[in-house]
Number of protein chains: 2
Amino acid sequence: MTASPRTINKISLEDQAVDLIREQILEGVIQPGERLVESRLAKDYALSRGTVRIALQRLGNEGLIEQRPYVGWRVVEFTEQDIWELYTLRVALESMASRLAAQRITPAGKQRLLDAFETLEALCRTGSIERITQADLGLHLAIVELAEHARLKKQYDLIKNQFLLYIKTSNRDFRVDTIAESHRELIEAICAGDAARAEQEAIRNITELGPLNSAP
Amino acid sequence: MTASPRTINKISLEDQAVDLIREQILEGVIQPGERLVESRLAKDYALSRGTVRIALQRLGNEGLIEQRPYVGWRVVEFTEQDIWELYTLRVALESMASRLAAQRITPAGKQRLLDAFETLEALCRTGSIERITQADLGLHLAIVELAEHARLKKQYDLIKNQFLLYIKTSNRDFRVDTIAESHRELIEAICAGDAARAEQEAIRNITELGPLNSAP
DNA sequence: GAATTGTAAACTGTCCTACAATCCACAAAA
DNA sequence: TTTTGTGGATTGTAGGACAGTTTACAATTC
């Protein structure tokens, strides 16, 4: 007998703590600039300090919180430079991802892309900003995963949440109605296996939304 | 009275542990595939398990070691796919770095680049492989730092040591005599402030050395 | 009053001990 | 040969302890 597809959830407390605290930050429960006190978090979540400590290290690596020796951790506050960095890095990583995705696109991959795209399209008509943002990110994430490049994905994940935090805490007004549409050509290029065009469309898609014109 | 420029070295044990263990790995004292046992490291370096634990987390993030739950950490062993990933990621990050560096080059920046280049040139005539590799990396690192892009640098640092580990553990024969020369045009382009050419030269420089022809 | 210096509180950095959970190799059994 | 214990090693996690450091603020000095 082989094990059934259902597997037991065996997530370490460290991992759970990371997810939990990250959620609190992204939800805005813990605001930018606010401090994270090891001992208080440990008490709140009924964990040991050591476990919380590891979790904070990891979130620090994700760039959501920053450390000052003997003072502690606090949620980052983004500057103009930070935003510029995030956008430019996204361009570098996603343009490569798009090119690779186009090179190795499969029927299953196309399906996944189109599903993600349709989800985004639907939400753009009726959904909340929250959910649109989520779907948008989901589409980009799909592209990155289709590139089948573990390190690229890892580096992308590393800045993904910083981007989310920025979106949620800034009050930029996005033209909701055009978001889905601005992805159409990118998706088409990838599905068509046109690597060069996919790369260019990725650059355009990110650049036209971001504040890249005002580079420092 | 103002404090003199000499500052006191106040490095946390966690950080020192990271540096120490990383050194052991890069020196080959701990070989790829070998296990890292928390309690043994703690005893060897006279540290507590908690401190070692944090250090291992960090090295895991750098991709030098990998974790299996309840089993422990061991030094990574690179596959063909890994090497391909490292090279392609380097291209993505360094081509952007070169472009930015060219855009914001200053006299001081030129000086730094040329110094690094000359060091490399000199070593290519007389130095050991070890030192040439070090100087080569130093030059690339200078470019990345001249881009003045904190996140780009952070992501570069994250794969830098994986690359070093690969170089040290693989027995690829590098044409030592051509290494310095292959950087000349890149350096020139950056110093000339020619962003587009710098970007292209960066791609060429990395690609012509690496095994990118045999992409998976 | 401004600058310096002392002081207490809060928190991090680090260590220790302890024990349950888990993996793994190997022996025992079917 | 395959399955099923079983024990040892190591990780995962908790909790307590205390020194080191920062910080705000009070006390002191000029």
# chains A, B, ... in the order shown; residues from 1 in each chain; ligands from 1
$ closest_atom_pairs --of "chain B" --to "chain D" --cutoff "8 Å" --atoms "only C-alpha atoms (C1' of nucleotides)" --output "Markdown table"
| residue | atom | partner | partner_atom | distance |
| --- | --- | --- | --- | --- |
| B:Val37 | CA | D:DT10 | C1' | 7.6 |
| B:Pro69 | CA | D:DT11 | C1' | 7.4 |
| B:Tyr70 | CA | D:DT11 | C1' | 4.6 |
| B:Val71 | CA | D:DT11 | C1' | 6.5 |
| B:Gly72 | CA | D:DT11 | C1' | 6.7 |
$ write_last_selection --atoms "C-alpha atoms" --output "PDB file, in the first residue's frame"
ATOM      1  CA  VAL B  37      25.712  18.983  14.030  1.00  0.00           C
ATOM      2  CA  PRO B  69      13.763  18.591   9.529  1.00  0.00           C
ATOM      3  CA  TYR B  70      14.894  16.515  12.479  1.00  0.00           C
ATOM      4  CA  VAL B  71      17.940  15.425  10.566  1.00  0.00           C
ATOM      5  CA  GLY B  72      20.026  18.555  10.457  1.00  0.00           C
TER       6      GLY B  72
END
$ calpha_fit_and_write --fixed "chain B" --moving "chain A" --output "PDB file with C-alpha atoms, in the first residue's frame"
ATOM      1  CA  MET A   1      35.698  66.164  21.014  1.00  0.00           C
ATOM      2  CA  THR A   2      34.501  63.846  18.328  1.00  0.00           C
ATOM      3  CA  ALA A   3      35.213  60.146  18.351  1.00  0.00           C
ATOM      4  CA  SER A   4      38.329  59.207  16.498  1.00  0.00           C
ATOM      5  CA  PRO A   5      37.872  57.218  13.310  1.00  0.00           C
ATOM      6  CA  ARG A   6      38.959  54.046  15.079  1.00  0.00           C
ATOM      7  CA  THR A   7      35.947  52.143  16.257  1.00  0.00           C
ATOM      8  CA  ILE A   8      35.642  49.226  18.575  1.00  0.00           C
ATOM      9  CA  ASN A   9      34.982  45.853  17.112  1.00  0.00           C
ATOM     10  CA  LYS A  10      31.612  44.868  18.392  1.00  0.00           C
ATOM     11  CA  ILE A  11      30.568  41.831  16.427  1.00  0.00           C
ATOM     12  CA  SER A  12      27.959  39.578  17.923  1.00  0.00           C
ATOM     13  CA  LEU A  13      28.877  35.973  18.482  1.00  0.00           C
ATOM     14  CA  GLU A  14      26.133  35.056  16.056  1.00  0.00           C
ATOM     15  CA  ASP A  15      27.842  36.999  13.301  1.00  0.00           C
ATOM     16  CA  GLN A  16      31.231  35.633  14.203  1.00  0.00           C
ATOM     17  CA  ALA A  17      29.846  32.127  14.153  1.00  0.00           C
ATOM     18  CA  VAL A  18      28.414  32.691  10.685  1.00  0.00           C
ATOM     19  CA  ASP A  19      31.758  33.941   9.409  1.00  0.00           C
ATOM     20  CA  LEU A  20      33.657  31.133  11.046  1.00  0.00           C
ATOM     21  CA  ILE A  21      31.505  28.311   9.756  1.00  0.00           C
ATOM     22  CA  ARG A  22      31.294  29.842   6.299  1.00  0.00           C
ATOM     23  CA  GLU A  23      35.058  30.032   6.216  1.00  0.00           C
ATOM     24  CA  GLN A  24      35.321  26.383   7.187  1.00  0.00           C
ATOM     25  CA  ILE A  25      33.011  25.485   4.341  1.00  0.00           C
ATOM     26  CA  LEU A  26      34.753  27.632   1.745  1.00  0.00           C
ATOM     27  CA  GLU A  27      38.173  26.413   2.878  1.00  0.00           C
ATOM     28  CA  GLY A  28      37.006  22.879   2.392  1.00  0.00           C
ATOM     29  CA  VAL A  29      37.458  21.961   6.049  1.00  0.00           C
ATOM     30  CA  ILE A  30      33.823  20.961   5.966  1.00  0.00           C
ATOM     31  CA  GLN A  31      33.184  19.225   2.676  1.00  0.00           C
ATOM     32  CA  PRO A  32      30.060  19.232   0.505  1.00  0.00           C
ATOM     33  CA  GLY A  33      27.653  16.602   1.729  1.00  0.00           C
ATOM     34  CA  GLU A  34      29.088  16.655   5.210  1.00  0.00           C
ATOM     35  CA  ARG A  35      26.739  17.140   8.119  1.00  0.00           C
ATOM     36  CA  LEU A  36      26.767  20.022  10.568  1.00  0.00           C
ATOM     37  CA  VAL A  37      25.691  18.974  14.030  1.00  0.00           C
ATOM     38  CA  GLU A  38      24.455  21.785  16.216  1.00  0.00           C
ATOM     39  CA  SER A  39      25.677  20.349  19.467  1.00  0.00           C
ATOM     40  CA  ARG A  40      29.083  19.481  18.120  1.00  0.00           C
ATOM     41  CA  LEU A  41      29.629  22.925  16.605  1.00  0.00           C
ATOM     42  CA  ALA A  42      28.507  24.481  19.878  1.00  0.00           C
ATOM     43  CA  LYS A  43      31.061  22.452  21.772  1.00  0.00           C
ATOM     44  CA  ASP A  44      33.851  23.005  19.225  1.00  0.00           C
ATOM     45  CA  TYR A  45      33.461  26.766  19.159  1.00  0.00           C
ATOM     46  CA  ALA A  46      32.428  27.097  22.794  1.00  0.00           C
ATOM     47  CA  LEU A  47      29.061  28.603  21.969  1.00  0.00           C
ATOM     48  CA  SER A  48      25.555  27.852  23.055  1.00  0.00           C
ATOM     49  CA  ARG A  49      23.323  25.814  20.817  1.00  0.00           C
ATOM     50  CA  GLY A  50      21.027  28.752  20.287  1.00  0.00           C
ATOM     51  CA  THR A  51      23.794  30.884  18.886  1.00  0.00           C
ATOM     52  CA  VAL A  52      24.912  28.143  16.533  1.00  0.00           C
ATOM     53  CA  ARG A  53      21.324  27.599  15.494  1.00  0.00           C
ATOM     54  CA  ILE A  54      20.957  31.188  14.345  1.00  0.00           C
ATOM     55  CA  ALA A  55      24.229  30.984  12.479  1.00  0.00           C
ATOM     56  CA  LEU A  56      23.083  27.868  10.658  1.00  0.00           C
ATOM     57  CA  GLN A  57      19.844  29.540   9.679  1.00  0.00           C
ATOM     58  CA  ARG A  58      21.781  32.362   8.120  1.00  0.00           C
ATOM     59  CA  LEU A  59      24.109  30.079   6.215  1.00  0.00           C
ATOM     60  CA  GLY A  60      21.062  28.193   5.038  1.00  0.00           C
ATOM     61  CA  ASN A  61      19.732  31.437   3.670  1.00  0.00           C
ATOM     62  CA  GLU A  62      22.984  31.953   1.818  1.00  0.00           C
ATOM     63  CA  GLY A  63      22.478  28.597   0.194  1.00  0.00           C
ATOM     64  CA  LEU A  64      25.691  27.099   1.511  1.00  0.00           C
ATOM     65  CA  ILE A  65      23.951  24.523   3.681  1.00  0.00           C
ATOM     66  CA  GLU A  66      20.542  22.939   3.551  1.00  0.00           C
ATOM     67  CA  GLN A  67      18.231  21.667   6.197  1.00  0.00           C
ATOM     68  CA  ARG A  68      16.162  18.551   6.554  1.00  0.00           C
ATOM     69  CA  PRO A  69      13.750  18.541   9.477  1.00  0.00           C
ATOM     70  CA  TYR A  70      14.905  16.471  12.414  1.00  0.00           C
ATOM     71  CA  VAL A  71      17.980  15.419  10.499  1.00  0.00           C
ATOM     72  CA  GLY A  72      19.989  18.588  10.421  1.00  0.00           C
ATOM     73  CA  TRP A  73      22.126  20.664   8.145  1.00  0.00           C
ATOM     74  CA  ARG A  74      24.621  19.588   5.559  1.00  0.00           C
ATOM     75  CA  VAL A  75      26.809  21.378   3.054  1.00  0.00           C
ATOM     76  CA  VAL A  76      25.122  21.588  -0.337  1.00  0.00           C
ATOM     77  CA  GLU A  77      26.294  19.601  -3.333  1.00  0.00           C
ATOM     78  CA  PHE A  78      25.680  21.388  -6.595  1.00  0.00           C
ATOM     79  CA  THR A  79      24.010  19.802  -9.567  1.00  0.00           C
ATOM     80  CA  GLU A  80      24.225  20.931 -13.180  1.00  0.00           C
ATOM     81  CA  GLN A  81      20.954  22.751 -12.685  1.00  0.00           C
ATOM     82  CA  ASP A  82      22.389  24.601  -9.689  1.00  0.00           C
ATOM     83  CA  ILE A  83      25.367  25.817 -11.673  1.00  0.00           C
ATOM     84  CA  TRP A  84      23.155  26.961 -14.480  1.00  0.00           C
ATOM     85  CA  GLU A  85      20.984  28.814 -11.982  1.00  0.00           C
ATOM     86  CA  LEU A  86      23.961  30.542 -10.455  1.00  0.00           C
ATOM     87  CA  TYR A  87      25.296  31.722 -13.797  1.00  0.00           C
ATOM     88  CA  THR A  88      21.962  32.948 -15.081  1.00  0.00           C
ATOM     89  CA  LEU A  89      21.189  34.782 -11.880  1.00  0.00           C
ATOM     90  CA  ARG A  90      24.560  36.416 -11.977  1.00  0.00           C
ATOM     91  CA  VAL A  91      23.835  37.625 -15.470  1.00  0.00           C
ATOM     92  CA  ALA A  92      20.516  39.102 -14.400  1.00  0.00           C
ATOM     93  CA  LEU A  93      21.943  40.878 -11.376  1.00  0.00           C
ATOM     94  CA  GLU A  94      25.306  41.948 -12.737  1.00  0.00           C
ATOM     95  CA  SER A  95      24.031  43.247 -16.033  1.00  0.00           C
ATOM     96  CA  MET A  96      21.727  45.528 -14.125  1.00  0.00           C
ATOM     97  CA  ALA A  97      24.523  46.473 -11.733  1.00  0.00           C
ATOM     98  CA  SER A  98      26.812  47.327 -14.618  1.00  0.00           C
ATOM     99  CA  ARG A  99      24.208  49.510 -16.246  1.00  0.00           C
ATOM    100  CA  LEU A 100      23.558  51.397 -13.019  1.00  0.00           C
ATOM    101  CA  ALA A 101      27.251  51.682 -12.238  1.00  0.00           C
ATOM    102  CA  ALA A 102      27.840  53.256 -15.633  1.00  0.00           C
ATOM    103  CA  GLN A 103      25.024  55.705 -15.036  1.00  0.00           C
ATOM    104  CA  ARG A 104      26.391  56.931 -11.747  1.00  0.00           C
ATOM    105  CA  ILE A 105      30.122  56.574 -12.215  1.00  0.00           C
ATOM    106  CA  THR A 106      32.276  59.131 -10.415  1.00  0.00           C
ATOM    107  CA  PRO A 107      36.023  59.815 -10.384  1.00  0.00           C
ATOM    108  CA  ALA A 108      36.321  57.952  -7.098  1.00  0.00           C
ATOM    109  CA  GLY A 109      34.335  55.098  -8.558  1.00  0.00           C
ATOM    110  CA  LYS A 110      36.583  54.934 -11.605  1.00  0.00           C
ATOM    111  CA  GLN A 111      39.594  54.809  -9.347  1.00  0.00           C
ATOM    112  CA  ARG A 112      38.176  51.968  -7.363  1.00  0.00           C
ATOM    113  CA  LEU A 113      37.345  50.000 -10.498  1.00  0.00           C
ATOM    114  CA  LEU A 114      40.728  50.538 -12.041  1.00  0.00           C
ATOM    115  CA  ASP A 115      42.486  49.549  -8.826  1.00  0.00           C
ATOM    116  CA  ALA A 116      40.515  46.351  -8.628  1.00  0.00           C
ATOM    117  CA  PHE A 117      41.201  45.683 -12.277  1.00  0.00           C
ATOM    118  CA  GLU A 118      44.932  46.231 -11.926  1.00  0.00           C
ATOM    119  CA  THR A 119      45.065  43.959  -8.917  1.00  0.00           C
ATOM    120  CA  LEU A 120      43.416  41.274 -10.967  1.00  0.00           C
ATOM    121  CA  GLU A 121      45.738  41.852 -13.889  1.00  0.00           C
ATOM    122  CA  ALA A 122      48.817  41.554 -11.727  1.00  0.00           C
ATOM    123  CA  LEU A 123      47.633  38.387 -10.064  1.00  0.00           C
ATOM    124  CA  CYS A 124      46.772  36.802 -13.376  1.00  0.00           C
ATOM    125  CA  ARG A 125      50.467  36.824 -14.228  1.00  0.00           C
ATOM    126  CA  THR A 126      51.882  35.551 -10.973  1.00  0.00           C
ATOM    127  CA  GLY A 127      49.165  34.649  -8.491  1.00  0.00           C
ATOM    128  CA  SER A 128      47.565  31.426  -7.388  1.00  0.00           C
ATOM    129  CA  ILE A 129      44.145  30.364  -8.531  1.00  0.00           C
ATOM    130  CA  GLU A 130      42.838  31.133  -5.072  1.00  0.00           C
ATOM    131  CA  ARG A 131      43.926  34.714  -5.151  1.00  0.00           C
ATOM    132  CA  ILE A 132      42.878  35.265  -8.731  1.00  0.00           C
ATOM    133  CA  THR A 133      39.412  34.036  -7.909  1.00  0.00           C
ATOM    134  CA  GLN A 134      39.337  36.374  -4.956  1.00  0.00           C
ATOM    135  CA  ALA A 135      40.400  39.347  -7.057  1.00  0.00           C
ATOM    136  CA  ASP A 136      37.943  38.453  -9.788  1.00  0.00           C
ATOM    137  CA  LEU A 137      35.120  38.386  -7.288  1.00  0.00           C
ATOM    138  CA  GLY A 138      36.415  41.624  -5.798  1.00  0.00           C
ATOM    139  CA  LEU A 139      36.101  43.351  -9.141  1.00  0.00           C
ATOM    140  CA  HIS A 140      32.564  42.149  -9.677  1.00  0.00           C
ATOM    141  CA  LEU A 141      31.677  43.143  -6.149  1.00  0.00           C
ATOM    142  CA  ALA A 142      33.035  46.627  -6.774  1.00  0.00           C
ATOM    143  CA  ILE A 143      30.721  46.971  -9.746  1.00  0.00           C
ATOM    144  CA  VAL A 144      27.744  45.828  -7.724  1.00  0.00           C
ATOM    145  CA  GLU A 145      28.552  48.292  -4.983  1.00  0.00           C
ATOM    146  CA  LEU A 146      28.982  51.153  -7.426  1.00  0.00           C
ATOM    147  CA  ALA A 147      25.413  50.543  -8.522  1.00  0.00           C
ATOM    148  CA  GLU A 148      24.342  51.890  -5.114  1.00  0.00           C
ATOM    149  CA  HIS A 149      21.437  49.518  -4.877  1.00  0.00           C
ATOM    150  CA  ALA A 150      21.244  47.984  -1.413  1.00  0.00           C
ATOM    151  CA  ARG A 151      18.829  45.217  -2.303  1.00  0.00           C
ATOM    152  CA  LEU A 152      20.716  44.301  -5.436  1.00  0.00           C
ATOM    153  CA  LYS A 153      23.858  44.001  -3.383  1.00  0.00           C
ATOM    154  CA  LYS A 154      22.106  41.930  -0.767  1.00  0.00           C
ATOM    155  CA  GLN A 155      20.796  39.507  -3.343  1.00  0.00           C
ATOM    156  CA  TYR A 156      24.190  39.361  -4.967  1.00  0.00           C
ATOM    157  CA  ASP A 157      25.847  38.571  -1.649  1.00  0.00           C
ATOM    158  CA  LEU A 158      23.331  35.810  -1.219  1.00  0.00           C
ATOM    159  CA  ILE A 159      24.648  33.896  -4.214  1.00  0.00           C
ATOM    160  CA  LYS A 160      28.240  35.109  -4.151  1.00  0.00           C
ATOM    161  CA  ASN A 161      29.410  32.498  -1.715  1.00  0.00           C
ATOM    162  CA  GLN A 162      27.594  29.705  -3.454  1.00  0.00           C
ATOM    163  CA  PHE A 163      29.575  30.661  -6.497  1.00  0.00           C
ATOM    164  CA  LEU A 164      32.821  30.631  -4.555  1.00  0.00           C
ATOM    165  CA  LEU A 165      31.998  27.227  -3.136  1.00  0.00           C
ATOM    166  CA  TYR A 166      31.333  25.917  -6.611  1.00  0.00           C
ATOM    167  CA  ILE A 167      34.584  27.291  -7.976  1.00  0.00           C
ATOM    168  CA  LYS A 168      36.578  25.820  -5.113  1.00  0.00           C
ATOM    169  CA  THR A 169      35.036  22.386  -5.232  1.00  0.00           C
ATOM    170  CA  SER A 170      34.863  21.950  -8.973  1.00  0.00           C
ATOM    171  CA  ASN A 171      38.000  21.269 -10.899  1.00  0.00           C
ATOM    172  CA  ARG A 172      37.157  23.390 -13.880  1.00  0.00           C
ATOM    173  CA  ASP A 173      40.271  24.623 -15.622  1.00  0.00           C
ATOM    174  CA  PHE A 174      40.107  28.329 -16.102  1.00  0.00           C
ATOM    175  CA  ARG A 175      42.235  30.043 -18.699  1.00  0.00           C
ATOM    176  CA  VAL A 176      43.993  32.113 -16.104  1.00  0.00           C
ATOM    177  CA  ASP A 177      45.804  34.277 -18.629  1.00  0.00           C
ATOM    178  CA  THR A 178      42.606  35.585 -20.209  1.00  0.00           C
ATOM    179  CA  ILE A 179      40.589  36.342 -17.100  1.00  0.00           C
ATOM    180  CA  ALA A 180      41.737  39.900 -16.561  1.00  0.00           C
ATOM    181  CA  GLU A 181      41.564  40.710 -20.248  1.00  0.00           C
ATOM    182  CA  SER A 182      37.969  39.545 -20.509  1.00  0.00           C
ATOM    183  CA  HIS A 183      36.980  42.292 -18.101  1.00  0.00           C
ATOM    184  CA  ARG A 184      38.680  45.167 -19.875  1.00  0.00           C
ATOM    185  CA  GLU A 185      35.827  46.267 -22.097  1.00  0.00           C
ATOM    186  CA  LEU A 186      33.329  46.030 -19.279  1.00  0.00           C
ATOM    187  CA  ILE A 187      35.424  48.297 -17.105  1.00  0.00           C
ATOM    188  CA  GLU A 188      35.918  50.711 -19.981  1.00  0.00           C
ATOM    189  CA  ALA A 189      32.226  50.890 -20.692  1.00  0.00           C
ATOM    190  CA  ILE A 190      31.387  51.620 -17.081  1.00  0.00           C
ATOM    191  CA  CYS A 191      34.102  54.266 -16.767  1.00  0.00           C
ATOM    192  CA  ALA A 192      32.875  55.838 -19.970  1.00  0.00           C
ATOM    193  CA  GLY A 193      29.386  56.004 -18.548  1.00  0.00           C
ATOM    194  CA  ASP A 194      28.051  53.943 -21.443  1.00  0.00           C
ATOM    195  CA  ALA A 195      25.192  52.141 -19.703  1.00  0.00           C
ATOM    196  CA  ALA A 196      23.937  50.081 -22.617  1.00  0.00           C
ATOM    197  CA  ARG A 197      27.376  48.838 -23.539  1.00  0.00           C
ATOM    198  CA  ALA A 198      28.242  48.108 -19.908  1.00  0.00           C
ATOM    199  CA  GLU A 199      25.151  45.965 -19.638  1.00  0.00           C
ATOM    200  CA  GLN A 200      26.043  44.004 -22.745  1.00  0.00           C
ATOM    201  CA  GLU A 201      29.657  43.557 -21.713  1.00  0.00           C
ATOM    202  CA  ALA A 202      28.579  42.221 -18.330  1.00  0.00           C
ATOM    203  CA  ILE A 203      26.425  39.630 -20.033  1.00  0.00           C
ATOM    204  CA  ARG A 204      29.258  38.669 -22.338  1.00  0.00           C
ATOM    205  CA  ASN A 205      31.839  38.489 -19.577  1.00  0.00           C
ATOM    206  CA  ILE A 206      29.850  36.084 -17.462  1.00  0.00           C
ATOM    207  CA  THR A 207      28.441  34.099 -20.319  1.00  0.00           C
ATOM    208  CA  GLU A 208      31.712  33.395 -22.055  1.00  0.00           C
ATOM    209  CA  LEU A 209      33.192  31.838 -18.937  1.00  0.00           C
ATOM    210  CA  GLY A 210      30.198  29.904 -17.771  1.00  0.00           C
ATOM    211  CA  PRO A 211      28.567  26.712 -18.939  1.00  0.00           C
ATOM    212  CA  LEU A 212      25.549  28.552 -20.221  1.00  0.00           C
ATOM    213  CA  ASN A 213      25.602  26.915 -23.603  1.00  0.00           C
ATOM    214  CA  SER A 214      24.378  23.704 -22.043  1.00  0.00           C
ATOM    215  CA  ALA A 215      21.228  25.147 -20.594  1.00  0.00           C
ATOM    216  CA  PRO A 216      18.846  22.528 -19.249  1.00  0.00           C
TER     217      PRO A 216
END
$ interface_residues --of "chain C" --to "chain B" --cutoff "10 Å" --atoms "only C-alpha atoms (C1' of nucleotides)" --output "mmCIF file with C-alpha atoms (C1' of nucleotides), in the first residue's frame"
data_model
loop_
_atom_site.group_PDB
_atom_site.id
_atom_site.type_symbol
_atom_site.label_atom_id
_atom_site.label_comp_id
_atom_site.auth_asym_id
_atom_site.auth_seq_id
_atom_site.Cartn_x
_atom_site.Cartn_y
_atom_site.Cartn_z
ATOM 1 C "C1'" DG C 13 22.671 38.722 23.575
ATOM 2 C "C1'" DT C 14 24.152 34.594 25.289
ATOM 3 C "C1'" DC C 15 24.313 30.537 28.062
ATOM 4 C "C1'" DC C 16 22.425 26.623 30.432
ATOM 5 C "C1'" DA C 21 9.609 14.599 18.696
ATOM 6 C "C1'" DT C 22 11.725 12.597 15.043
ATOM 7 C "C1'" DC C 23 14.870 10.151 12.137
ATOM 8 C "C1'" DC C 24 17.819 6.293 11.220
#
